[in-house]
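Note: the block below is run.cif and it holds mmCIF, C-alpha atoms.
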data_protein
loop_
_atom_site.label_atom_id
_atom_site.label_comp_id
_atom_site.auth_asym_id
_atom_site.auth_seq_id
_atom_site.Cartn_x
_atom_site.Cartn_y
_atom_site.Cartn_z
CA MET A 2 -79.84 96.04 133.01
CA SER A 3 -82.27 98.58 131.70
CA SER A 4 -85.85 99.61 132.17
CA GLY A 5 -88.56 99.66 129.53
CA SER A 6 -90.60 97.20 127.53
CA PRO A 7 -89.78 93.50 127.98
CA TYR A 8 -90.24 93.06 124.22
CA TYR A 9 -87.24 93.58 121.98
CA SER A 10 -87.61 94.25 118.27
CA LEU A 11 -84.73 92.75 116.31
CA ALA A 12 -83.64 95.05 113.47
CA GLY A 13 -86.77 97.17 113.97
CA GLN A 14 -89.12 94.26 113.38
CA PRO A 15 -91.80 93.01 115.78
CA PRO A 16 -90.68 90.32 118.22
CA ASP A 17 -90.98 86.75 117.01
CA ALA A 18 -89.72 83.30 117.90
CA HIS A 19 -86.16 84.15 116.88
CA SER A 20 -85.60 87.13 119.24
CA PRO A 21 -85.89 87.38 123.03
CA ARG A 22 -89.13 88.85 124.30
CA LYS A 23 -87.92 89.92 127.73
CA GLU A 24 -85.02 91.47 129.63
CA ILE A 25 -83.27 88.31 130.89
CA CYS A 26 -83.11 84.84 129.31
CA ASN A 27 -81.73 81.73 131.04
CA TYR A 28 -79.98 78.50 130.24
CA PHE A 29 -79.04 75.89 132.84
CA SER A 30 -76.15 73.61 131.93
CA PRO A 31 -75.47 70.25 133.57
CA SER A 32 -71.86 71.42 134.13
CA PRO A 33 -70.19 74.66 135.25
CA ILE A 34 -69.65 77.13 132.40
CA TYR A 35 -66.14 78.38 131.66
CA SER A 36 -66.25 79.85 128.12
CA LEU A 37 -69.03 81.11 125.85
CA ALA A 38 -69.49 82.90 122.53
CA TRP A 39 -72.37 84.20 120.42
CA SER A 40 -72.83 83.02 116.86
CA ARG A 41 -71.80 85.69 114.37
CA ARG A 42 -74.44 84.81 111.78
CA ASP A 43 -76.88 87.60 110.99
CA ASP A 44 -79.81 85.43 109.92
CA ARG A 45 -82.65 85.43 112.42
CA ALA A 46 -82.97 81.65 112.74
CA GLN A 47 -79.42 81.26 114.04
CA GLY A 48 -78.70 84.72 115.42
CA PHE A 49 -79.44 83.75 119.01
CA ARG A 50 -77.19 80.70 119.14
CA MET A 51 -74.26 80.26 121.52
CA ALA A 52 -71.33 77.91 122.02
CA LEU A 53 -70.48 76.94 125.61
CA GLY A 54 -67.43 75.24 127.08
CA SER A 55 -67.78 73.41 130.39
CA PHE A 56 -65.33 73.25 133.29
CA SER A 57 -64.63 69.96 135.02
CA GLU A 58 -61.38 68.72 136.52
CA ALA A 59 -62.24 65.24 135.29
CA SER A 60 -61.79 64.27 131.64
CA SER A 61 -65.49 64.70 130.95
CA ASN A 62 -65.95 68.17 129.51
CA THR A 63 -68.26 69.22 126.70
CA LEU A 64 -68.73 71.76 123.95
CA GLN A 65 -72.42 72.68 123.76
CA VAL A 66 -74.34 74.63 121.16
CA ILE A 67 -77.58 76.16 122.45
CA GLN A 68 -80.26 78.26 120.78
CA LEU A 69 -83.15 80.43 121.90
CA SER A 70 -86.36 78.43 122.07
CA PRO A 71 -89.29 79.61 119.92
CA TYR A 72 -91.43 78.91 122.98
CA HIS A 73 -89.25 80.72 125.51
CA ASP A 74 -90.89 82.22 128.56
CA ALA A 75 -92.19 85.71 127.75
CA GLN A 76 -92.13 86.67 131.44
CA HIS A 77 -88.98 86.51 133.53
CA THR A 78 -89.30 83.28 135.47
CA PRO A 79 -85.85 82.60 136.97
CA GLU A 80 -86.25 78.84 137.22
CA LEU A 81 -87.36 78.31 133.59
CA ALA A 82 -84.93 77.80 130.69
CA ASP A 83 -85.23 79.86 127.52
CA PHE A 84 -82.49 78.16 125.48
CA GLY A 85 -82.48 74.56 124.30
CA THR A 86 -79.56 72.34 123.34
CA VAL A 87 -78.82 72.00 119.63
CA CYS A 88 -75.90 69.59 119.97
CA GLU A 89 -72.86 68.80 122.07
CA ALA A 90 -69.49 67.08 121.74
CA PRO A 91 -67.18 65.60 124.37
CA VAL A 92 -63.72 67.07 125.02
CA ASP A 93 -61.16 65.91 127.54
CA TYR A 94 -60.07 69.28 128.87
CA PRO A 95 -61.99 72.52 129.49
CA LEU A 96 -62.08 74.79 126.47
CA THR A 97 -60.16 77.93 127.39
CA LYS A 98 -62.00 79.86 124.67
CA VAL A 99 -64.70 79.27 122.06
CA GLN A 100 -65.42 81.43 119.03
CA TRP A 101 -67.59 81.24 115.92
CA GLN A 102 -66.31 81.83 112.42
CA PRO A 103 -66.46 85.52 111.43
CA GLY A 104 -68.47 86.71 108.50
CA GLY A 105 -71.84 85.12 109.13
CA GLY A 106 -72.44 84.47 105.42
CA PRO A 107 -73.55 81.31 103.64
CA GLY A 108 -71.64 78.11 104.16
CA PRO A 109 -71.03 75.76 107.06
CA ASP A 110 -71.51 76.98 110.62
CA LEU A 111 -68.06 76.60 112.18
CA VAL A 112 -67.01 76.98 115.81
CA ALA A 113 -63.47 76.80 117.20
CA GLY A 114 -62.25 75.88 120.66
CA SER A 115 -58.86 75.84 122.36
CA GLY A 116 -57.50 73.56 125.05
CA ASP A 117 -54.93 70.84 124.56
CA ALA A 118 -55.17 71.70 120.83
CA LEU A 119 -57.01 74.08 118.51
CA ARG A 120 -60.11 72.35 117.12
CA LEU A 121 -62.76 73.24 114.58
CA TRP A 122 -66.28 71.80 114.57
CA GLU A 123 -69.04 72.11 112.02
CA VAL A 124 -72.64 72.31 113.20
CA GLU A 125 -74.76 70.09 110.96
CA ALA A 126 -78.55 70.18 111.14
CA THR A 127 -80.31 66.82 111.49
CA GLY A 128 -83.86 67.98 110.80
CA GLU A 129 -85.02 66.76 114.21
CA VAL A 130 -86.71 68.94 116.81
CA GLY A 131 -85.47 68.67 120.38
CA GLU A 132 -86.21 70.20 123.75
CA LEU A 133 -88.18 73.46 123.84
CA GLY A 134 -88.77 73.22 120.09
CA VAL A 135 -85.12 73.85 119.18
CA GLY A 136 -83.85 72.22 116.01
CA ARG A 137 -81.32 69.49 116.74
CA GLY A 138 -77.92 69.12 115.12
CA ARG A 139 -74.59 67.39 115.54
CA LEU A 140 -71.01 68.58 115.91
CA ARG A 141 -68.55 67.14 113.42
CA VAL A 142 -64.84 67.65 113.96
CA ARG A 143 -63.41 69.49 110.96
CA ALA A 144 -59.84 69.94 112.13
CA GLN A 145 -57.48 69.46 115.05
CA MET A 146 -54.49 71.72 114.73
CA SER A 147 -51.31 71.15 116.71
CA THR A 148 -47.68 72.03 116.09
CA ARG A 149 -46.56 68.54 117.11
CA ALA A 150 -48.12 65.15 116.55
CA ASP A 151 -47.05 63.67 119.89
CA TYR A 152 -47.46 66.63 122.24
CA SER A 153 -48.56 70.24 122.10
CA ALA A 154 -48.40 72.80 124.89
CA PRO A 155 -51.88 73.83 126.09
CA ILE A 156 -53.46 76.72 124.20
CA THR A 157 -54.66 79.48 126.48
CA ALA A 158 -56.64 81.58 123.96
CA PHE A 159 -57.03 82.42 120.28
CA ASP A 160 -58.67 84.95 117.98
CA TRP A 161 -60.36 84.30 114.65
CA CYS A 162 -59.46 87.18 112.34
CA GLN A 163 -62.40 89.35 111.30
CA ALA A 164 -60.48 90.92 108.41
CA ASP A 165 -59.35 87.55 107.01
CA PRO A 166 -61.36 84.53 108.27
CA ARG A 167 -58.69 82.18 106.97
CA LEU A 168 -56.46 83.17 109.89
CA ILE A 169 -56.49 82.24 113.57
CA ILE A 170 -53.83 83.43 116.02
CA ALA A 171 -53.38 81.26 119.13
CA SER A 172 -51.42 81.76 122.36
CA SER A 173 -49.82 79.07 124.50
CA ILE A 174 -48.15 78.45 127.83
CA ASP A 175 -44.90 77.67 125.97
CA THR A 176 -44.38 81.47 125.44
CA THR A 177 -45.37 81.30 121.76
CA CYS A 178 -48.08 82.62 119.47
CA THR A 179 -48.95 80.58 116.38
CA LEU A 180 -50.69 81.79 113.23
CA TRP A 181 -52.91 79.09 111.73
CA ASP A 182 -54.36 78.84 108.23
CA VAL A 183 -57.89 77.45 108.59
CA GLU A 184 -58.09 76.28 104.97
CA THR A 185 -54.82 74.32 104.93
CA GLN A 186 -54.91 73.53 108.69
CA GLN A 187 -51.21 74.35 108.80
CA ALA A 188 -49.23 76.80 110.92
CA ARG A 189 -48.05 79.76 108.84
CA THR A 190 -45.67 81.03 111.48
CA GLN A 191 -44.81 80.65 115.15
CA LEU A 192 -42.95 83.16 117.30
CA ILE A 193 -41.75 83.49 120.85
CA ALA A 194 -43.96 86.34 122.03
CA HIS A 195 -43.23 86.70 125.77
CA ASP A 196 -40.69 85.71 128.39
CA ARG A 197 -43.27 83.52 130.13
CA GLU A 198 -46.69 82.01 129.38
CA VAL A 199 -48.93 83.88 126.92
CA PHE A 200 -52.47 84.09 128.30
CA ASP A 201 -54.39 85.94 125.58
CA VAL A 202 -54.06 87.23 122.03
CA GLY A 203 -56.17 89.22 119.59
CA PHE A 204 -56.06 90.89 116.17
CA VAL A 205 -56.49 94.65 116.19
CA ALA A 206 -59.55 96.05 114.45
CA GLY A 207 -59.54 95.82 110.66
CA SER A 208 -56.13 94.20 110.31
CA PRO A 209 -55.05 90.69 109.29
CA HIS A 210 -51.44 91.53 110.15
CA VAL A 211 -51.27 93.29 113.53
CA PHE A 212 -52.08 91.52 116.79
CA ALA A 213 -51.51 92.06 120.50
CA SER A 214 -50.82 89.59 123.30
CA ALA A 215 -50.78 89.56 127.10
CA GLY A 216 -48.85 87.22 129.33
CA ALA A 217 -47.49 86.05 132.64
CA ASP A 218 -44.56 88.48 132.38
CA GLY A 219 -47.06 91.29 133.02
CA SER A 220 -46.76 92.90 129.61
CA VAL A 221 -48.94 93.65 126.59
CA ARG A 222 -47.03 93.41 123.34
CA MET A 223 -47.91 94.24 119.75
CA PHE A 224 -46.65 92.40 116.67
CA ASP A 225 -46.88 92.88 112.91
CA LEU A 226 -46.82 89.66 110.90
CA ARG A 227 -45.06 91.53 108.10
CA ALA A 228 -42.12 92.44 110.35
CA LEU A 229 -41.81 89.86 113.14
CA GLU A 230 -38.22 90.82 113.93
CA HIS A 231 -39.65 93.77 115.86
CA SER A 232 -42.32 94.08 118.53
CA THR A 233 -43.60 96.84 120.78
CA ILE A 234 -44.16 96.61 124.52
CA LEU A 235 -47.33 98.65 124.95
CA TYR A 236 -47.85 98.24 128.66
CA GLU A 237 -46.30 96.63 131.71
CA ALA A 238 -48.33 95.99 134.83
CA PRO A 239 -46.97 97.92 137.84
CA PRO A 240 -45.34 95.71 140.49
CA ASP A 241 -47.31 94.81 143.56
CA THR A 242 -46.09 96.90 146.50
CA ALA A 243 -47.33 94.90 149.47
CA PRO A 244 -45.51 96.07 152.61
CA ALA A 245 -43.14 93.53 154.13
CA THR A 246 -44.03 92.23 157.60
CA ALA A 247 -41.60 91.66 160.43
CA ASP A 248 -41.76 87.87 160.26
CA VAL A 249 -40.93 87.70 156.54
CA HIS A 250 -37.37 87.09 155.50
CA ALA A 251 -35.80 90.12 153.81
CA VAL A 252 -35.18 88.28 150.54
CA ASP A 253 -38.77 86.97 150.43
CA ALA A 254 -40.10 90.43 151.29
CA ALA A 255 -38.15 91.97 148.42
CA ARG A 256 -39.42 89.28 146.06
CA VAL A 257 -43.03 89.92 147.09
CA ALA A 258 -42.58 93.68 146.85
CA SER A 259 -41.26 93.38 143.27
CA PHE A 260 -43.81 90.83 142.04
CA VAL A 261 -45.23 91.79 138.64
CA PRO A 262 -48.74 90.33 138.32
CA PRO A 263 -49.57 88.36 135.16
CA LEU A 264 -51.98 89.94 132.70
CA LEU A 265 -54.76 87.38 132.25
CA ARG A 266 -56.96 88.69 129.46
CA LEU A 267 -56.78 91.13 126.57
CA SER A 268 -59.57 92.68 124.51
CA CYS A 269 -58.91 94.66 121.34
CA ASN A 270 -61.32 97.45 120.50
CA ALA A 271 -63.67 96.14 117.80
CA LEU A 272 -63.75 99.45 115.90
CA ASP A 273 -60.72 101.53 116.87
CA PRO A 274 -57.30 99.86 116.46
CA ASN A 275 -55.72 102.32 118.90
CA TYR A 276 -57.32 100.97 122.08
CA LEU A 277 -56.91 97.74 124.07
CA ALA A 278 -58.17 96.66 127.49
CA THR A 279 -56.53 94.27 129.93
CA PHE A 280 -56.47 93.28 133.59
CA ALA A 281 -54.02 91.59 135.92
CA LEU A 282 -54.26 88.62 138.24
CA ASP A 283 -56.44 89.40 141.28
CA SER A 284 -56.92 92.98 140.07
CA GLN A 285 -60.20 94.83 140.56
CA THR A 286 -59.32 97.32 137.82
CA VAL A 287 -59.44 97.19 134.03
CA SER A 288 -56.71 99.16 132.26
CA VAL A 289 -57.37 100.79 128.88
CA ILE A 290 -54.28 101.26 126.73
CA ASP A 291 -53.71 103.64 123.82
CA VAL A 292 -51.15 102.15 121.43
CA ARG A 293 -50.13 105.69 120.42
CA HIS A 294 -48.94 106.34 123.99
CA PRO A 295 -47.28 103.10 125.14
CA GLY A 296 -46.00 102.62 128.65
CA ALA A 297 -49.03 103.50 130.74
CA ALA A 298 -52.79 103.04 130.84
CA VAL A 299 -54.85 106.01 129.66
CA VAL A 300 -58.01 105.02 131.55
CA GLN A 301 -58.61 102.89 134.65
CA LEU A 302 -62.04 101.31 135.05
CA VAL A 303 -62.62 101.23 138.80
CA GLY A 304 -65.80 99.67 140.15
CA HIS A 305 -65.39 95.98 140.84
CA LEU A 306 -65.23 94.76 144.44
CA GLY A 307 -63.36 91.56 143.56
CA PRO A 308 -60.95 90.29 140.90
CA VAL A 309 -61.97 90.91 137.29
CA HIS A 310 -62.57 87.75 135.23
CA ALA A 311 -63.59 89.05 131.78
CA VAL A 312 -63.70 92.19 129.65
CA GLN A 313 -64.96 92.90 126.14
CA TRP A 314 -65.46 95.95 123.94
CA SER A 315 -68.81 96.76 122.38
CA PRO A 316 -69.18 95.60 118.76
CA VAL A 317 -70.86 98.89 117.76
CA SER A 318 -69.24 101.56 119.95
CA SER A 319 -65.54 102.32 120.19
CA THR A 320 -65.95 103.79 123.70
CA GLN A 321 -68.09 101.18 125.47
CA LEU A 322 -66.84 98.12 127.37
CA CYS A 323 -68.30 95.45 129.61
CA SER A 324 -66.50 93.68 132.45
CA ALA A 325 -67.42 90.98 134.94
CA GLY A 326 -65.75 89.44 137.94
CA ALA A 327 -65.62 87.50 141.16
CA ASP A 328 -67.87 90.07 142.87
CA ALA A 329 -70.76 88.73 140.72
CA ARG A 330 -71.10 92.17 139.13
CA VAL A 331 -71.41 92.94 135.42
CA LEU A 332 -70.41 96.52 134.67
CA VAL A 333 -70.87 98.50 131.46
CA TRP A 334 -68.57 101.47 130.91
CA ASP A 335 -68.61 104.43 128.54
CA ILE A 336 -65.29 106.25 128.29
CA GLN A 337 -66.20 108.68 125.50
CA GLN A 338 -66.15 111.82 127.64
CA THR A 339 -63.02 110.69 129.47
CA LEU A 340 -61.13 110.09 126.21
CA ALA A 341 -62.28 113.44 124.82
CA ALA A 342 -61.11 115.26 127.95
CA ARG A 343 -57.82 113.40 127.82
CA GLN A 344 -57.22 114.48 124.22
CA ILE A 345 -57.64 118.08 125.31
CA HIS A 346 -55.18 117.54 128.15
CA LEU A 347 -52.72 115.89 125.78
CA ARG A 348 -52.85 118.86 123.43
CA GLN A 349 -52.24 121.17 126.38
CA ALA A 350 -49.39 118.93 127.52
CA GLY A 351 -47.89 119.13 124.05
CA MET A 352 -47.96 122.90 124.21
CA GLN A 353 -46.38 122.83 127.67
CA ALA A 354 -43.66 120.49 126.44
CA ALA A 355 -42.92 122.79 123.49
CA GLN A 356 -42.69 125.77 125.82
CA ALA A 357 -40.44 123.77 128.13
CA ARG A 358 -38.08 123.01 125.25
CA GLN A 359 -38.00 126.68 124.28
CA LEU A 360 -37.28 127.76 127.86
CA GLY A 361 -34.63 125.08 128.09
CA ARG A 362 -32.84 126.47 125.06
CA ILE A 363 -33.03 129.97 126.54
CA ALA A 364 -31.62 128.72 129.84
CA ALA A 365 -28.82 126.89 128.04
CA GLU A 366 -27.82 130.15 126.35
CA GLY A 367 -27.77 131.80 129.80
CA SER A 368 -30.00 134.69 128.83
CA GLU A 369 -32.64 134.16 131.56
CA ALA A 370 -31.96 133.01 135.12
CA GLY A 371 -35.18 131.16 136.05
CA SER A 372 -35.87 129.59 132.69
CA GLY A 373 -34.25 126.25 133.57
CA VAL A 374 -36.41 125.71 136.65
CA GLN A 375 -39.55 126.76 134.78
CA ALA A 376 -38.72 124.48 131.86
CA ALA A 377 -38.25 121.52 134.17
CA ALA A 378 -41.57 122.20 135.89
CA GLN A 379 -43.47 122.44 132.61
CA ALA A 380 -41.85 119.28 131.26
CA ALA A 381 -42.80 117.40 134.43
CA ALA A 382 -46.40 118.63 134.20
CA ALA A 383 -46.65 117.55 130.57
CA GLN A 384 -45.23 114.12 131.37
CA ALA A 385 -47.69 113.69 134.25
CA VAL A 386 -50.66 114.20 131.92
CA VAL A 387 -49.39 111.43 129.64
CA GLN A 388 -48.56 108.93 132.39
CA ASN A 389 -51.43 109.41 134.86
CA PRO A 390 -54.56 107.49 133.80
CA SER A 391 -58.07 108.82 134.25
CA SER A 392 -60.55 106.87 136.37
CA VAL A 393 -64.07 106.08 135.17
CA ALA A 394 -67.15 104.85 137.03
CA PRO A 395 -69.55 102.33 135.43
CA SER A 396 -72.69 103.52 133.68
CA LEU A 397 -74.70 100.28 134.14
CA THR A 398 -74.52 97.54 136.78
CA TYR A 399 -76.03 94.06 137.04
CA ALA A 400 -75.66 91.70 140.00
CA ALA A 401 -75.52 87.97 139.25
CA ARG A 402 -76.00 85.22 141.82
CA LEU A 403 -72.41 83.94 141.67
CA ALA A 404 -68.99 85.00 140.47
CA VAL A 405 -69.12 85.62 136.71
CA ASN A 406 -66.47 83.69 134.78
CA SER A 407 -67.17 84.75 131.21
CA LEU A 408 -69.12 87.18 129.08
CA ALA A 409 -69.96 87.64 125.40
CA TRP A 410 -71.42 90.67 123.63
CA HIS A 411 -73.82 89.85 120.77
CA GLN A 412 -72.16 90.95 117.53
CA THR A 413 -75.26 91.68 115.43
CA SER A 414 -77.77 92.53 118.18
CA PRO A 415 -75.65 94.61 120.55
CA GLU A 416 -78.47 95.19 123.04
CA TRP A 417 -77.66 91.74 124.41
CA ILE A 418 -74.80 90.49 126.59
CA SER A 419 -74.46 86.93 127.87
CA ILE A 420 -72.69 85.99 131.08
CA GLY A 421 -71.71 82.64 132.55
CA PHE A 422 -71.71 81.91 136.30
CA GLY A 423 -71.85 78.50 137.91
CA ASN A 424 -74.05 76.27 135.76
CA THR A 425 -76.08 79.22 134.45
CA VAL A 426 -75.93 81.34 131.32
CA GLN A 427 -77.94 84.56 131.41
CA THR A 428 -78.60 86.80 128.44
CA LEU A 429 -79.15 90.40 129.54
CA ARG A 430 -80.73 93.25 127.66
CA LEU A 431 -78.86 96.54 128.09
#

Whole structure given in structure tokens:
Amino acid sequence: MSSGSPYYSLAGQPPDAHSPRKEICNYFSPSPIYSLAWSRRDDRAQGFRMALGSFSEASSNTLQVIQLSPYHDAQHTPELADFGTVCEAPVDYPLTKVQWQPGGGPGPDLVAGSGDALRLWEVEATGEVGELGVGRGRLRVRAQMSTRADYSAPITAFDWCQADPRLIIASSIDTTCTLWDVETQQARTQLIAHDREVFDVGFVAGSPHVFASAGADGSVRMFDLRALEHSTILYEAPPDTAPATADVHAVDAARVASFVPPLLRLSCNALDPNYLATFALDSQTVSVIDVRHPGAAVVQLVGHLGPVHAVQWSPVSSTQLCSAGADARVLVWDIQQTLAARQIHLRQAGMQAAQARQLGRIAAEGSEAGSGVQAAAQAAAAQAVVQNPSSVAPSLTYAARLAVNSLAWHQTSPEWISIGFGNTVQTLRL
């Protein structure tokens, strides 16, 4: 995704066996890839390790852990693999999300996955050396967390809290979000979060209390675990306005015209708790939301030619995002200038609104004839600035071979983004 030397120096050090030595690295899985996540450890031996979840309609899915080979191909040869398998474990259903334990300090290497339940695995080294010189290991189940022993509604997503690694918040198709304690393996609380299925959930930056969720009712909502009797609807997807055709019954046409698309994924800004990103079913646009101005998107990321499948904020920049979709495109966005310009417009809108209120008071007292019309015009202009989002074009583009289903931004080496399409995982240097 960028030009320059094919050698990357990790943390300012010369390239070695633990860091990629080229622009693109490959891994070829025996099964289609649905979910992936980078390890959050900052040690060099395990920094380039990923967890992968497969997708198969049969009850024969896997969780894989892969790691960059010390003998990986220094030149970009598309048909050669650069990652080797550390270990794998069978799971019945595809993992809707995988995530490594935050912190990256000493202790066991834990990875979580969601599907029919929320599970934790520990990666244990065996001392053996496997394919491509990668050290082998095994996955040991540490916990299987479910609210019921006999049946649990499928879990659509979860987020492992950065601010307090004891906490995991999980979303489910039964309209609930559940807060889990990793140490006790017990649910601390469960709440009905949406009117329909909840598709994604995430803690806001720096907080163990505040989280946001997105669901099939087309809304993004924010909750505070310290005051669960209240919640805030931050955003509601606009209804689809497909024109009715002559051969469609009037009732069906009205139903189609008022359809509110589900919001499939949510990404909380990793550094700034004020910003979230989301996208709707079959949408080619990513909407950026400012929690200080609920009700409408502040920025629209327009550039995909097909439905968006994934979005994630940069771990080191509060204004950069990456998205990927069915058009096989991976787009990197920088909204810094757009947000700065919008802040200026908001200040101007605030001044216009204040003037409108002053003119309104003058008109109410009857001392100036045209003040009422002028006040209404200024108020409308100020409201338009708040409600109308700005559009942004991508700053970087990469074209994959197939539709991209998932992406992960490396937390400690942010020059690298991994994408999953078909049976392939590619790691791209920005």

Nearest to A:Val205 by atom-to-atom distance, counting all atoms listed in the file, from A:Tyr276, A:Val99, A:Arg139, A:Ala171: A:Tyr276

So which residues get picked by the PyMOL selection byres ((chain A and resi 91) around 6) here, written as a list in words?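 Applied to this file, the PyMOL selection byres ((chain A and resi 91) around 6) selects Asn62, Thr63, Ala90 and Val92 of chain A.
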
Compile the contact shell of A:Gln65 as a ChimeraX atom specification: residues with an atom at most 7 Å away, counting all atoms listed in the file, same-chain residues fewer than 2 positions apart removed. /A:52-54,63,67,88-90

Selection file, C-alpha atoms, as a short mmCIF file (atom, residue, chain, number, x, y, z; two decimals), keeping the file's coordinate frame:
data_model
loop_
_atom_site.label_atom_id
_atom_site.label_comp_id
_atom_site.auth_asym_id
_atom_site.auth_seq_id
_atom_site.Cartn_x
_atom_site.Cartn_y
_atom_site.Cartn_z
CA ALA A 52 -71.33 77.91 122.02
CA LEU A 53 -70.48 76.94 125.61
CA GLY A 54 -67.43 75.24 127.08
CA THR A 63 -68.26 69.22 126.70
CA ILE A 67 -77.58 76.16 122.45
CA CYS A 88 -75.90 69.59 119.97
CA GLU A 89 -72.86 68.80 122.07
CA ALA A 90 -69.49 67.08 121.74
#

Using only C-alpha atoms, find the one residue out of A:Arg50, A:Ala329, A:Thr413, A:Leu69 that sits nearest to A:Ile25.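 Once distances to A:Ile25 are computed over only C-alpha atoms, the minimum belongs to A:Leu69.
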
I need the residue set behind the PyMOL selection byres ((chain A and resi 268) around 12) for this file; please write it as a PDB file with C-alpha atoms, in the frame of the given file.
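part29.pdb was written with the following content:
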ATOM      1  CA  ALA A 158     -56.640  81.580 123.960  1.00  0.00           C
ATOM      2  CA  PHE A 159     -57.030  82.420 120.280  1.00  0.00           C
ATOM      3  CA  ASP A 160     -58.670  84.950 117.980  1.00  0.00           C
ATOM      4  CA  PHE A 200     -52.470  84.090 128.300  1.00  0.00           C
ATOM      5  CA  ASP A 201     -54.390  85.940 125.580  1.00  0.00           C
ATOM      6  CA  VAL A 202     -54.060  87.230 122.030  1.00  0.00           C
ATOM      7  CA  GLY A 203     -56.170  89.220 119.590  1.00  0.00           C
ATOM      8  CA  PHE A 204     -56.060  90.890 116.170  1.00  0.00           C
ATOM      9  CA  VAL A 205     -56.490  94.650 116.190  1.00  0.00           C
ATOM     10  CA  ALA A 206     -59.550  96.050 114.450  1.00  0.00           C
ATOM     11  CA  PHE A 212     -52.080  91.520 116.790  1.00  0.00           C
ATOM     12  CA  ALA A 213     -51.510  92.060 120.500  1.00  0.00           C
ATOM     13  CA  SER A 214     -50.820  89.590 123.300  1.00  0.00           C
ATOM     14  CA  ALA A 215     -50.780  89.560 127.100  1.00  0.00           C
ATOM     15  CA  VAL A 221     -48.940  93.650 126.590  1.00  0.00           C
ATOM     16  CA  LEU A 264     -51.980  89.940 132.700  1.00  0.00           C
ATOM     17  CA  LEU A 265     -54.760  87.380 132.250  1.00  0.00           C
ATOM     18  CA  ARG A 266     -56.960  88.690 129.460  1.00  0.00           C
ATOM     19  CA  LEU A 267     -56.780  91.130 126.570  1.00  0.00           C
ATOM     20  CA  CYS A 269     -58.910  94.660 121.340  1.00  0.00           C
ATOM     21  CA  ASN A 270     -61.320  97.450 120.500  1.00  0.00           C
ATOM     22  CA  ALA A 271     -63.670  96.140 117.800  1.00  0.00           C
ATOM     23  CA  LEU A 272     -63.750  99.450 115.900  1.00  0.00           C
ATOM     24  CA  ASP A 273     -60.720 101.530 116.870  1.00  0.00           C
ATOM     25  CA  PRO A 274     -57.300  99.860 116.460  1.00  0.00           C
ATOM     26  CA  ASN A 275     -55.720 102.320 118.900  1.00  0.00           C
ATOM     27  CA  TYR A 276     -57.320 100.970 122.080  1.00  0.00           C
ATOM     28  CA  LEU A 277     -56.910  97.740 124.070  1.00  0.00           C
ATOM     29  CA  ALA A 278     -58.170  96.660 127.490  1.00  0.00           C
ATOM     30  CA  THR A 279     -56.530  94.270 129.930  1.00  0.00           C
ATOM     31  CA  PHE A 280     -56.470  93.280 133.590  1.00  0.00           C
ATOM     32  CA  VAL A 287     -59.440  97.190 134.030  1.00  0.00           C
ATOM     33  CA  SER A 288     -56.710  99.160 132.260  1.00  0.00           C
ATOM     34  CA  VAL A 289     -57.370 100.790 128.880  1.00  0.00           C
ATOM     35  CA  ILE A 290     -54.280 101.260 126.730  1.00  0.00           C
ATOM     36  CA  ALA A 311     -63.590  89.050 131.780  1.00  0.00           C
ATOM     37  CA  VAL A 312     -63.700  92.190 129.650  1.00  0.00           C
ATOM     38  CA  GLN A 313     -64.960  92.900 126.140  1.00  0.00           C
ATOM     39  CA  TRP A 314     -65.460  95.950 123.940  1.00  0.00           C
ATOM     40  CA  SER A 315     -68.810  96.760 122.380  1.00  0.00           C
ATOM     41  CA  PRO A 316     -69.180  95.600 118.760  1.00  0.00           C
ATOM     42  CA  LEU A 322     -66.840  98.120 127.370  1.00  0.00           C
ATOM     43  CA  CYS A 323     -68.300  95.450 129.610  1.00  0.00           C
ATOM     44  CA  SER A 324     -66.500  93.680 132.450  1.00  0.00           C
ATOM     45  CA  LEU A 408     -69.120  87.180 129.080  1.00  0.00           C
ATOM     46  CA  ALA A 409     -69.960  87.640 125.400  1.00  0.00           C
TER      47      ALA A 409
END

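Restricting the calculation to only C-alpha atoms, the smallest distance between A:Leu306 and any of A:Asp110, A:Asp117, A:Asp328, A:Asp283 is found for A:Asp328.
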
Could you jot down the atom CA of A:Glu125 to atom CA of A:Pro109 separation for me, Å, one decimal place? 7.8 Å

Atom CA of A:His294 to atom CA of A:Ile345, distance in Å rounded to a single decimal: 14.7 Å

Excluding A:Gln102 and its own-chain neighbours fewer than 2 positions away, which residues fall within 10 Å of it when counting only C-alpha atoms? Please give them as a PyMOL selection string. chain A and resi 40-42+100+104-106+109-113+121+160-163+166-167+169

Go through the shown structure with the PyMOL selection byres ((chain A and resi 157) around 7) and write out the matching residues as a list in words.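 That selection, the PyMOL selection byres ((chain A and resi 157) around 7), comes back as Thr97, Ser115, Gly116, Pro155, Ile156, Ala158, Ser172, Ser173, Ile174, Phe200 and Asp201 of chain A.
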
Atom CA of A:Tyr399 to atom CA of A:Gln427: how many Å, to one decimal?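 We find that atom CA of A:Tyr399 and atom CA of A:Gln427 lie 11.2 Å from each other.
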
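Shortest separation to A:Ser36 among A:His231, A:Val405, A:Ala217, A:Gln412 occurs at residue A:Val405, atoms counted being all atoms listed in the file.
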
Selection: 9 Å around A:Tyr28, all atoms listed in the file, excl. self and same-chain fewer than 2 positions, as a PyMOL selection string: chain A and resi 26+30+67+81-85+424-428

Hey, what's within 7 Å of A:Trp410 if we count all atoms listed in the file and toss same-chain stuff fewer than 4 positions away? As a list in words, please?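 Once the adjacent positions are removed, what remains is Ser315, Pro415, Trp417, Ile418 and Ser419 of chain A.
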